[in-house]
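> Input file: model_24.cif. Contents: mmCIF, C-alpha atoms.
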```cif
data_final
#
loop_
_atom_site.group_PDB
_atom_site.id
_atom_site.type_symbol
_atom_site.label_atom_id
_atom_site.label_comp_id
_atom_site.auth_asym_id
_atom_site.auth_seq_id
_atom_site.Cartn_x
_atom_site.Cartn_y
_atom_site.Cartn_z
ATOM 1 C CA MET A 1 44.405 12.524 -11.617
ATOM 2 C CA ASN A 2 42.666 9.150 -11.992
ATOM 3 C CA ASN A 3 39.883 10.286 -9.656
ATOM 4 C CA ILE A 4 39.320 13.402 -11.747
ATOM 5 C CA LEU A 5 39.083 11.321 -14.930
ATOM 6 C CA GLU A 6 36.734 8.822 -13.267
ATOM 7 C CA ASN A 7 34.463 11.605 -12.009
ATOM 8 C CA ALA A 8 34.406 13.215 -15.460
ATOM 9 C CA THR A 9 33.541 9.875 -17.058
ATOM 10 C CA GLU A 10 30.738 9.257 -14.550
ATOM 11 C CA HIS A 11 29.378 12.773 -15.084
ATOM 12 C CA ASP A 12 29.374 12.309 -18.855
ATOM 13 C CA ALA A 13 27.655 8.920 -18.557
ATOM 14 C CA ASP A 14 24.999 10.395 -16.279
ATOM 15 C CA ARG A 15 24.442 13.306 -18.662
ATOM 16 C CA GLN A 16 23.961 10.916 -21.569
ATOM 17 C CA LEU A 17 21.570 8.797 -19.491
ATOM 18 C CA LYS A 18 19.434 11.832 -18.669
ATOM 19 C CA VAL A 19 19.351 12.836 -22.343
ATOM 20 C CA LYS A 20 17.956 9.374 -23.115
ATOM 21 C CA HIS A 21 15.373 9.717 -20.341
ATOM 22 C CA ARG A 22 14.221 13.073 -21.696
ATOM 23 C CA ALA A 23 13.805 11.575 -25.159
ATOM 24 C CA LEU A 24 11.971 8.535 -23.781
ATOM 25 C CA TRP A 25 9.322 10.562 -21.934
ATOM 26 C CA ALA A 26 9.019 13.080 -24.779
ATOM 27 C CA SER A 27 8.060 10.269 -27.159
ATOM 28 C CA GLY A 28 4.455 9.206 -27.519
ATOM 29 C CA ASP A 29 1.828 11.122 -25.576
ATOM 30 C CA TYR A 30 2.248 10.800 -21.820
ATOM 31 C CA PRO A 31 -0.199 13.646 -21.092
ATOM 32 C CA ALA A 32 -2.894 11.532 -22.797
ATOM 33 C CA VAL A 33 -1.920 8.477 -20.735
ATOM 34 C CA ALA A 34 -2.164 10.506 -17.521
ATOM 35 C CA ALA A 35 -5.515 12.022 -18.492
ATOM 36 C CA GLU A 36 -7.117 8.888 -19.912
ATOM 37 C CA LEU A 37 -5.794 6.074 -17.712
ATOM 38 C CA ILE A 38 -5.003 7.601 -14.303
ATOM 39 C CA PRO A 39 -6.960 10.881 -13.979
ATOM 40 C CA THR A 40 -7.823 10.298 -10.306
ATOM 41 C CA LEU A 41 -4.295 9.677 -8.997
ATOM 42 C CA GLY A 42 -3.084 13.285 -8.943
ATOM 43 C CA PRO A 43 -6.068 14.627 -6.970
ATOM 44 C CA GLU A 44 -5.820 11.622 -4.642
ATOM 45 C CA LEU A 45 -2.164 12.354 -3.901
ATOM 46 C CA ALA A 46 -2.776 16.053 -3.263
ATOM 47 C CA ASP A 47 -5.588 15.107 -0.884
ATOM 48 C CA ALA A 48 -3.483 12.478 0.905
ATOM 49 C CA CYS A 49 -0.728 15.077 1.410
ATOM 50 C CA GLY A 50 -3.247 17.438 3.005
ATOM 51 C CA VAL A 51 -2.452 20.253 0.566
ATOM 52 C CA ARG A 52 -3.997 23.501 1.796
ATOM 53 C CA SER A 53 -4.316 27.028 0.525
ATOM 54 C CA GLY A 54 -1.015 28.873 0.912
ATOM 55 C CA ASP A 55 1.162 25.749 1.141
ATOM 56 C CA HIS A 56 4.380 25.803 -0.849
ATOM 57 C CA VAL A 57 4.204 22.578 -2.871
ATOM 58 C CA LEU A 58 6.760 20.914 -5.125
ATOM 59 C CA ASP A 59 5.592 18.271 -7.599
ATOM 60 C CA VAL A 60 8.714 16.320 -8.622
ATOM 61 C CA ALA A 61 8.837 14.551 -11.996
ATOM 62 C CA ALA A 62 5.488 16.243 -12.481
ATOM 63 C CA GLY A 63 4.984 15.318 -16.121
ATOM 64 C CA SER A 64 2.063 17.355 -17.407
ATOM 65 C CA GLY A 65 0.927 18.263 -13.895
ATOM 66 C CA ASN A 66 -1.623 15.613 -12.935
ATOM 67 C CA ALA A 67 -0.824 16.242 -9.241
ATOM 68 C CA ALA A 68 0.440 19.835 -9.495
ATOM 69 C CA ILE A 69 -2.785 21.143 -11.042
ATOM 70 C CA PRO A 70 -5.163 19.869 -8.310
ATOM 71 C CA ALA A 71 -2.725 21.183 -5.689
ATOM 72 C CA ALA A 72 -2.839 24.614 -7.311
ATOM 73 C CA ALA A 73 -6.631 24.400 -7.541
ATOM 74 C CA ALA A 74 -6.653 23.896 -3.759
ATOM 75 C CA GLY A 75 -4.924 27.271 -3.389
ATOM 76 C CA ALA A 76 -1.355 26.081 -2.928
ATOM 77 C CA ILE A 77 1.691 27.876 -4.318
ATOM 78 C CA VAL A 78 2.961 25.169 -6.646
ATOM 79 C CA THR A 79 6.227 24.470 -8.425
ATOM 80 C CA ALA A 80 6.202 21.610 -10.934
ATOM 81 C CA SER A 81 9.572 20.190 -11.992
ATOM 82 C CA ASP A 82 10.413 17.616 -14.631
ATOM 83 C CA LEU A 83 13.402 16.493 -16.658
ATOM 84 C CA THR A 84 11.431 16.616 -19.929
ATOM 85 C CA PRO A 85 10.605 20.127 -21.221
ATOM 86 C CA GLU A 86 7.991 18.802 -23.653
ATOM 87 C CA LEU A 87 5.903 17.587 -20.719
ATOM 88 C CA LEU A 88 6.204 20.976 -19.012
ATOM 89 C CA THR A 89 4.947 22.651 -22.176
ATOM 90 C CA ALA A 90 1.916 20.352 -22.188
ATOM 91 C CA GLY A 91 1.389 21.021 -18.487
ATOM 92 C CA ARG A 92 1.361 24.788 -18.961
ATOM 93 C CA ALA A 93 -1.418 24.458 -21.526
ATOM 94 C CA ILE A 94 -3.471 22.177 -19.262
ATOM 95 C CA ALA A 95 -2.965 24.476 -16.273
ATOM 96 C CA ASP A 96 -4.117 27.448 -18.350
ATOM 97 C CA ARG A 97 -7.290 25.569 -19.259
ATOM 98 C CA HIS A 98 -7.905 24.935 -15.542
ATOM 99 C CA GLY A 99 -7.208 28.569 -14.678
ATOM 100 C CA VAL A 100 -4.389 27.865 -12.199
ATOM 101 C CA GLN A 101 -0.940 29.383 -11.810
ATOM 102 C CA ILE A 102 2.060 27.040 -11.524
ATOM 103 C CA GLU A 103 5.805 27.624 -11.785
ATOM 104 C CA TRP A 104 7.237 25.104 -14.260
ATOM 105 C CA VAL A 105 10.946 24.238 -13.832
ATOM 106 C CA GLU A 106 13.085 21.876 -15.890
ATOM 107 C CA ALA A 107 14.986 19.850 -13.301
ATOM 108 C CA ASP A 108 16.546 16.472 -12.618
ATOM 109 C CA ALA A 109 14.851 14.683 -9.696
ATOM 110 C CA GLU A 110 18.270 13.429 -8.583
ATOM 111 C CA ALA A 111 19.817 16.927 -8.414
ATOM 112 C CA MET A 112 17.144 19.592 -8.011
ATOM 113 C CA PRO A 113 17.916 23.328 -8.158
ATOM 114 C CA PHE A 114 15.947 24.151 -4.997
ATOM 115 C CA ALA A 115 17.241 25.204 -1.604
ATOM 116 C CA ASP A 116 17.138 22.959 1.438
ATOM 117 C CA ASN A 117 13.896 22.982 3.431
ATOM 118 C CA SER A 118 12.033 25.008 0.757
ATOM 119 C CA PHE A 119 8.610 23.338 0.572
ATOM 120 C CA ASP A 120 5.763 22.416 2.895
ATOM 121 C CA VAL A 121 4.780 19.490 0.655
ATOM 122 C CA VAL A 122 6.999 17.519 -1.724
ATOM 123 C CA MET A 123 5.126 14.974 -3.823
ATOM 124 C CA SER A 124 5.403 12.809 -6.915
ATOM 125 C CA CYS A 125 2.713 10.861 -8.782
ATOM 126 C CA VAL A 126 4.267 7.865 -10.613
ATOM 127 C CA GLY A 127 7.130 10.176 -11.542
ATOM 128 C CA VAL A 128 10.194 10.050 -9.286
ATOM 129 C CA MET A 129 10.000 6.259 -9.324
ATOM 130 C CA PHE A 130 11.422 6.337 -12.867
ATOM 131 C CA ALA A 131 14.587 8.211 -11.873
ATOM 132 C CA PRO A 132 17.312 5.550 -12.211
ATOM 133 C CA HIS A 133 19.119 6.105 -8.905
ATOM 134 C CA HIS A 134 16.556 5.657 -6.166
ATOM 135 C CA GLN A 135 18.646 6.716 -3.196
ATOM 136 C CA ALA A 136 19.716 9.959 -4.877
ATOM 137 C CA ALA A 137 16.084 10.762 -5.690
ATOM 138 C CA ALA A 138 14.911 9.950 -2.152
ATOM 139 C CA ASP A 139 17.673 12.136 -0.713
ATOM 140 C CA GLU A 140 16.481 15.058 -2.833
ATOM 141 C CA LEU A 141 12.840 14.634 -1.801
ATOM 142 C CA VAL A 142 13.885 14.829 1.842
ATOM 143 C CA ARG A 143 16.379 17.667 1.343
ATOM 144 C CA VAL A 144 13.967 20.159 -0.210
ATOM 145 C CA CYS A 145 11.112 19.438 2.232
ATOM 146 C CA ARG A 146 11.023 21.549 5.388
ATOM 147 C CA PRO A 147 11.236 19.794 8.774
ATOM 148 C CA GLY A 148 7.693 18.828 9.727
ATOM 149 C CA GLY A 149 6.606 19.006 6.095
ATOM 150 C CA THR A 150 4.956 16.227 4.107
ATOM 151 C CA ILE A 151 6.473 13.917 1.515
ATOM 152 C CA GLY A 152 3.931 12.054 -0.597
ATOM 153 C CA MET A 153 4.214 9.607 -3.484
ATOM 154 C CA ILE A 154 2.177 7.265 -5.623
ATOM 155 C CA ASN A 155 4.285 4.443 -7.095
ATOM 156 C CA TRP A 156 3.368 1.394 -9.166
ATOM 157 C CA THR A 157 4.026 -1.883 -7.328
ATOM 158 C CA PRO A 158 6.238 -4.704 -8.668
ATOM 159 C CA GLU A 159 3.360 -7.183 -8.346
ATOM 160 C CA GLY A 160 0.699 -5.030 -10.005
ATOM 161 C CA PHE A 161 -0.379 -4.462 -13.579
ATOM 162 C CA ILE A 162 2.291 -1.883 -14.454
ATOM 163 C CA GLY A 163 5.011 -3.849 -12.671
ATOM 164 C CA ASN A 164 4.082 -6.882 -14.768
ATOM 165 C CA LEU A 165 3.915 -4.776 -17.917
ATOM 166 C CA PHE A 166 7.589 -3.954 -17.335
ATOM 167 C CA LYS A 167 8.363 -7.623 -16.618
ATOM 168 C CA THR A 168 6.743 -8.535 -19.933
ATOM 169 C CA MET A 169 8.857 -5.997 -21.818
ATOM 170 C CA LYS A 170 12.105 -6.688 -19.931
ATOM 171 C CA PRO A 171 13.420 -9.515 -22.182
ATOM 172 C CA TYR A 172 13.087 -7.181 -25.160
ATOM 173 C CA ALA A 173 14.120 -3.890 -23.538
ATOM 174 C CA PRO A 174 17.537 -2.201 -23.644
ATOM 175 C CA PRO A 175 19.784 -3.259 -20.759
ATOM 176 C CA PRO A 176 19.523 -0.926 -17.769
ATOM 177 C CA PRO A 177 22.419 1.449 -17.136
ATOM 178 C CA PRO A 178 24.929 0.503 -14.401
ATOM 179 C CA GLY A 179 23.640 1.266 -10.928
ATOM 180 C CA ALA A 180 20.029 1.812 -12.000
ATOM 181 C CA SER A 181 17.234 0.276 -9.939
ATOM 182 C CA PRO A 182 13.979 -1.062 -11.409
ATOM 183 C CA ALA A 183 11.286 1.622 -11.225
ATOM 184 C CA PRO A 184 8.570 -0.573 -9.607
ATOM 185 C CA LEU A 185 10.806 -1.181 -6.568
ATOM 186 C CA TRP A 186 9.469 2.185 -5.357
ATOM 187 C CA GLY A 187 6.203 0.286 -4.854
ATOM 188 C CA ASP A 188 7.798 -2.114 -2.354
ATOM 189 C CA GLU A 189 7.290 -1.106 1.276
ATOM 190 C CA THR A 190 10.638 -2.434 2.490
ATOM 191 C CA HIS A 191 12.484 -0.579 -0.268
ATOM 192 C CA VAL A 192 10.734 2.697 0.564
ATOM 193 C CA ARG A 193 11.599 2.334 4.265
ATOM 194 C CA SER A 194 15.247 1.729 3.419
ATOM 195 C CA LEU A 195 15.407 4.789 1.144
ATOM 196 C CA PHE A 196 13.975 7.253 3.675
ATOM 197 C CA GLY A 197 15.292 5.683 6.872
ATOM 198 C CA ARG A 198 15.065 7.756 10.036
ATOM 199 C CA ARG A 199 14.846 11.031 8.155
ATOM 200 C CA VAL A 200 11.061 10.726 8.145
ATOM 201 C CA THR A 201 8.405 9.926 10.711
ATOM 202 C CA ASP A 202 4.765 8.843 10.430
ATOM 203 C CA LEU A 203 5.603 6.816 7.314
ATOM 204 C CA ARG A 204 2.342 5.400 6.005
ATOM 205 C CA MET A 205 1.958 3.109 3.018
ATOM 206 C CA GLN A 206 -1.256 1.768 1.562
ATOM 207 C CA ARG A 207 -1.810 -0.402 -1.498
ATOM 208 C CA ARG A 208 -4.656 0.733 -3.734
ATOM 209 C CA THR A 209 -5.749 0.140 -7.314
ATOM 210 C CA ALA A 210 -6.576 2.311 -10.305
ATOM 211 C CA ARG A 211 -8.974 0.874 -12.869
ATOM 212 C CA MET A 212 -8.012 1.189 -16.535
ATOM 213 C CA ASP A 213 -10.875 0.454 -18.932
ATOM 214 C CA HIS A 214 -10.085 2.814 -21.776
ATOM 215 C CA CYS A 215 -9.893 0.427 -24.755
ATOM 216 C CA PRO A 216 -12.447 -1.960 -26.283
ATOM 217 C CA SER A 217 -10.085 -4.942 -26.576
ATOM 218 C CA PRO A 218 -6.667 -6.153 -25.381
ATOM 219 C CA LEU A 219 -5.364 -5.718 -28.929
ATOM 220 C CA ASP A 220 -6.489 -2.082 -28.960
ATOM 221 C CA PHE A 221 -4.892 -1.583 -25.546
ATOM 222 C CA ARG A 222 -1.590 -3.036 -26.774
ATOM 223 C CA GLU A 223 -1.578 -0.567 -29.649
ATOM 224 C CA TYR A 224 -2.451 2.236 -27.212
ATOM 225 C CA TRP A 225 0.709 1.505 -25.189
ATOM 226 C CA LYS A 226 2.820 1.238 -28.340
ATOM 227 C CA ARG A 227 1.517 4.605 -29.534
ATOM 228 C CA ASN A 228 1.565 6.642 -26.340
ATOM 229 C CA TYR A 229 3.856 5.297 -23.599
ATOM 230 C CA GLY A 230 7.548 6.187 -23.738
ATOM 231 C CA PRO A 231 9.003 2.983 -22.221
ATOM 232 C CA THR A 232 6.937 0.826 -24.593
ATOM 233 C CA ILE A 233 7.941 2.947 -27.576
ATOM 234 C CA ALA A 234 11.610 2.650 -26.540
ATOM 235 C CA THR A 235 11.340 -1.136 -26.227
ATOM 236 C CA TYR A 236 9.901 -1.506 -29.707
ATOM 237 C CA ALA A 237 12.478 0.906 -31.106
ATOM 238 C CA PHE A 238 15.272 -1.173 -29.559
ATOM 239 C CA ASN A 239 14.073 -4.146 -31.621
ATOM 240 C CA ALA A 240 13.578 -2.213 -34.867
ATOM 241 C CA GLY A 241 14.840 -4.142 -37.868
ATOM 242 C CA GLN A 242 14.279 -7.481 -36.129
ATOM 243 C CA PRO A 243 10.830 -8.601 -37.306
ATOM 244 C CA ALA A 244 10.964 -11.922 -35.439
ATOM 245 C CA ARG A 245 11.694 -10.126 -32.151
ATOM 246 C CA ILE A 246 8.911 -7.615 -32.799
ATOM 247 C CA ALA A 247 6.492 -10.470 -33.491
ATOM 248 C CA ASP A 248 7.494 -12.213 -30.249
ATOM 249 C CA LEU A 249 7.092 -8.996 -28.289
ATOM 250 C CA ASP A 250 3.681 -8.373 -29.854
ATOM 251 C CA ARG A 251 2.647 -11.915 -28.930
ATOM 252 C CA ASP A 252 3.870 -11.721 -25.332
ATOM 253 C CA PHE A 253 2.411 -8.254 -24.832
ATOM 254 C CA LEU A 254 -1.003 -9.343 -26.071
ATOM 255 C CA GLN A 255 -0.908 -12.508 -23.962
ATOM 256 C CA PHE A 256 -0.133 -10.403 -20.897
ATOM 257 C CA LEU A 257 -3.083 -8.115 -21.623
ATOM 258 C CA ASP A 258 -5.374 -11.084 -22.231
ATOM 259 C CA ASP A 259 -4.317 -12.667 -18.933
ATOM 260 C CA TRP A 260 -4.823 -9.504 -16.891
ATOM 261 C CA ASN A 261 -8.107 -8.444 -18.452
ATOM 262 C CA THR A 262 -10.933 -8.852 -15.926
ATOM 263 C CA VAL A 263 -13.724 -8.503 -18.492
ATOM 264 C CA PRO A 264 -14.932 -11.921 -19.721
ATOM 265 C CA GLY A 265 -15.769 -12.422 -23.368
ATOM 266 C CA PRO A 266 -14.269 -11.173 -26.623
ATOM 267 C CA THR A 267 -14.862 -7.443 -26.149
ATOM 268 C CA GLY A 268 -14.225 -4.949 -23.369
ATOM 269 C CA THR A 269 -11.249 -4.411 -21.086
ATOM 270 C CA SER A 270 -10.688 -3.597 -17.443
ATOM 271 C CA TYR A 271 -7.366 -3.685 -15.618
ATOM 272 C CA ASP A 272 -6.807 -3.057 -11.928
ATOM 273 C CA ALA A 273 -3.389 -1.413 -11.612
ATOM 274 C CA GLU A 274 -2.011 -1.626 -8.084
ATOM 275 C CA TYR A 275 -0.033 1.272 -6.625
ATOM 276 C CA LEU A 276 1.494 2.216 -3.290
ATOM 277 C CA LEU A 277 0.330 5.468 -1.698
ATOM 278 C CA VAL A 278 3.139 6.793 0.497
ATOM 279 C CA THR A 279 2.999 9.695 2.931
ATOM 280 C CA ALA A 280 5.558 10.710 5.533
ATOM 281 C CA THR A 281 6.637 13.659 7.655
ATOM 282 C CA LYS A 282 10.176 14.968 7.439
ATOM 283 C CA ALA A 283 11.771 14.523 10.845
ATOM 284 C CA THR A 284 12.635 17.617 12.852
ATOM 285 C CA PRO A 285 16.336 17.647 13.848
ATOM 286 C CA ALA A 286 16.988 16.995 17.537
ATOM 287 C CA ARG A 287 18.218 20.004 19.471
#
```
Could I get this file's structure written as structure tokens?

Amino acid sequence: MNNILENATEHDADRQLKVKHRALWASGDYPAVAAELIPTLGPELADACGVRSGDHVLDVAAGSGNAAIPAAAAGAIVTASDLTPELLTAGRAIADRHGVQIEWVEADAEAMPFADNSFDVVMSCVGVMFAPHHQAAADELVRVCRPGGTIGMINWTPEGFIGNLFKTMKPYAPPPPPGASPAPLWGDETHVRSLFGRRVTDLRMQRRTARMDHCPSPLDFREYWKRNYGPTIATYAFNAGQPARIADLDRDFLQFLDDWNTVPGPTGTSYDAEYLLVTATKATPAR
């Protein structure tokens, strides 16, 4: 009886956590962030995965489709899944503008509604890394990929710009739920190897950078994150009603952006955001 109650409690806690995640990524304007700050990452991932016409491709935690859309443009048969329906709605509109057909499915990256061995390519562009339970998400990526198929990811690194953005916000952010792993760990090579283990072969990992030079000043860039990016919005909301904490967060955030800005002088910004490009082949079971 105790086990049944414990399982029910864990299920309810997980359901509540996923509701919070949906709300977090529905806040702000993530489609704008993807289009304005990292427009090249989705096409790069599709290319690195070798997506070809006729491939069955799953883009997990697809957001508004920054990787799914170039895969579909290459002629693949694409399914895009995400926990947040608002992002899928935005993705449908963007896909229509690009003239591509994609199946959009609301789904949890840690428990996807797809059969085993369903896809030739399973990929995620700075998406799955934000699922709180890394091993569960990795298990799902492997499960739905066919033997001999490709798993591909782009993940922010702990040491890079986005990893340090999260470090800057951490003292002010809500405490993580029990058992959750920090998202940027997906950008650590040792962590990725441990998650996939011997279930994949030809595991390749390469550190690259994306340049962000969208805003005229660090102050403007701080306000951009506060306006558009769900985790930043959630951090500020957690401190609502505490003006001293908000002022400290504003100060630390701006200092971080000043320190990381590579453009000298009072105007102009440029940030090199490091990420880990991961590709692997799902191992074929021994006979």
> Could you tell me, as an MDAnalysis selection string, exactly which residues end up selected when the PyMOL selection byres ((chain A and resi 25) around 8) is applied to this structure?
chainID A and resid 21:24 26:28 30 84 87 229:231
> Given the PyMOL selection byres ((chain A and resi 106-116) around 9) and the file above, list the residues it selects as a count of residues only.
32
> List, as number ranges by chain, every residue that the PyMOL selection byres ((chain A and resi 253-255) around 7) selects in the file provided.
A: 168, 218-219, 222, 249-252, 256-259
> One decimal, Å: what's the distance from CA of Gly265 (chain A) over to CA of Arg207 (chain A), could you say?
28.6 Å
> Hey, what's within 12 Å of Pro216 (chain A) if we count only C-alpha atoms and toss same-chain stuff fewer than 2 positions away? As a count of residues only, please?
19
> Could you tell me how far CA of Lys20 (chain A) sits from CA of Glu159 (chain A), in Å to one decimal place?
26.6 Å
> Mind running region 254-279 of chain A against region 180-203 of chain A at 8 Å and telling me each contacting residue's nearest atom pair with the distance in Å (one decimal), counting all atoms listed in the file, chain and number ascending, as JSON lines?

```
{"residue": "A:Tyr275", "atom": "CA", "partner": "A:Gly187", "partner_atom": "CA", "distance": 6.6}
{"residue": "A:Leu276", "atom": "CA", "partner": "A:Gly187", "partner_atom": "CA", "distance": 5.3}
{"residue": "A:Val278", "atom": "CA", "partner": "A:Leu203", "partner_atom": "CA", "distance": 7.2}
{"residue": "A:Thr279", "atom": "CA", "partner": "A:Leu203", "partner_atom": "CA", "distance": 5.9}
```
> CA of Ile154 (chain A) to CA of Phe166 (chain A): how many Å, to one decimal?
17.1 Å
> Axis-aligned box over every listed atom of region 32-36 of chain A, padded by 4 Å per side: centre and edges in Å to one decimal, as AutoDock Vina command-line options?

```
--center_x -4.5 --center_y 10.2 --center_z -20.2 --size_x 13.2 --size_y 11.5 --size_z 13.3
```
> Can you list, as a list in words, every protein, DNA or RNA residue that comes within 10 Å of Ala72 (chain A) when you count only C-alpha atoms, leaving out same-chain residues fewer than 4 positions away?
Ala46, Val51, Arg52, Ser53, Gly54, Asp55, His56, Val57, Gly65, Ala67, Ala68, Ala76, Ile77, Val78, Thr79, Ala95, His98, Gly99, Val100, Gln101 and Ile102 of chain A
> For those residues, write C-alpha atoms to a file as a PDB file, in the frame of the given file.

```pdb
ATOM      1  CA  ALA A  46      -2.776  16.053  -3.263  1.00  0.00           C
ATOM      2  CA  VAL A  51      -2.452  20.253   0.566  1.00  0.00           C
ATOM      3  CA  ARG A  52      -3.997  23.501   1.796  1.00  0.00           C
ATOM      4  CA  SER A  53      -4.316  27.028   0.525  1.00  0.00           C
ATOM      5  CA  GLY A  54      -1.015  28.873   0.912  1.00  0.00           C
ATOM      6  CA  ASP A  55       1.162  25.749   1.141  1.00  0.00           C
ATOM      7  CA  HIS A  56       4.380  25.803  -0.849  1.00  0.00           C
ATOM      8  CA  VAL A  57       4.204  22.578  -2.871  1.00  0.00           C
ATOM      9  CA  GLY A  65       0.927  18.263 -13.895  1.00  0.00           C
ATOM     10  CA  ALA A  67      -0.824  16.242  -9.241  1.00  0.00           C
ATOM     11  CA  ALA A  68       0.440  19.835  -9.495  1.00  0.00           C
ATOM     12  CA  ALA A  76      -1.355  26.081  -2.928  1.00  0.00           C
ATOM     13  CA  ILE A  77       1.691  27.876  -4.318  1.00  0.00           C
ATOM     14  CA  VAL A  78       2.961  25.169  -6.646  1.00  0.00           C
ATOM     15  CA  THR A  79       6.227  24.470  -8.425  1.00  0.00           C
ATOM     16  CA  ALA A  95      -2.965  24.476 -16.273  1.00  0.00           C
ATOM     17  CA  HIS A  98      -7.905  24.935 -15.542  1.00  0.00           C
ATOM     18  CA  GLY A  99      -7.208  28.569 -14.678  1.00  0.00           C
ATOM     19  CA  VAL A 100      -4.389  27.865 -12.199  1.00  0.00           C
ATOM     20  CA  GLN A 101      -0.940  29.383 -11.810  1.00  0.00           C
ATOM     21  CA  ILE A 102       2.060  27.040 -11.524  1.00  0.00           C
TER      22      ILE A 102
END
```
> Using all atoms listed in the file, which residue out of A:Ser124, A:Thr209, A:Asn239, A:Thr281 lies closest to Phe161 (chain A)?
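Of A:Ser124, A:Thr209, A:Asn239, A:Thr281, the one nearest Phe161 (chain A), counting all atoms listed in the file, is A:Thr209.
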> Counting only C-alpha atoms, which of A:Pro171, A:Gly127, A:Pro43, A:Gly91 gets nearest to Ala74 (chain A)?
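Of A:Pro171, A:Gly127, A:Pro43, A:Gly91, the one nearest Ala74 (chain A) is A:Pro43, counting only C-alpha atoms.
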> Here is a test: counting all atoms listed in the file, which residue of A:Pro31, A:Pro39, A:Gly241, A:Pro147 is nearest to Arg211 (chain A)?
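Smallest distance to Arg211 (chain A) is found for A:Pro39.
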> Have a look at A:Arg92, A:Arg15, A:Glu86, A:Leu45 and name the one nearest to Ala71 (chain A); count only C-alpha atoms.
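Using only C-alpha atoms, the shortest distance to Ala71 (chain A) belongs to A:Leu45.
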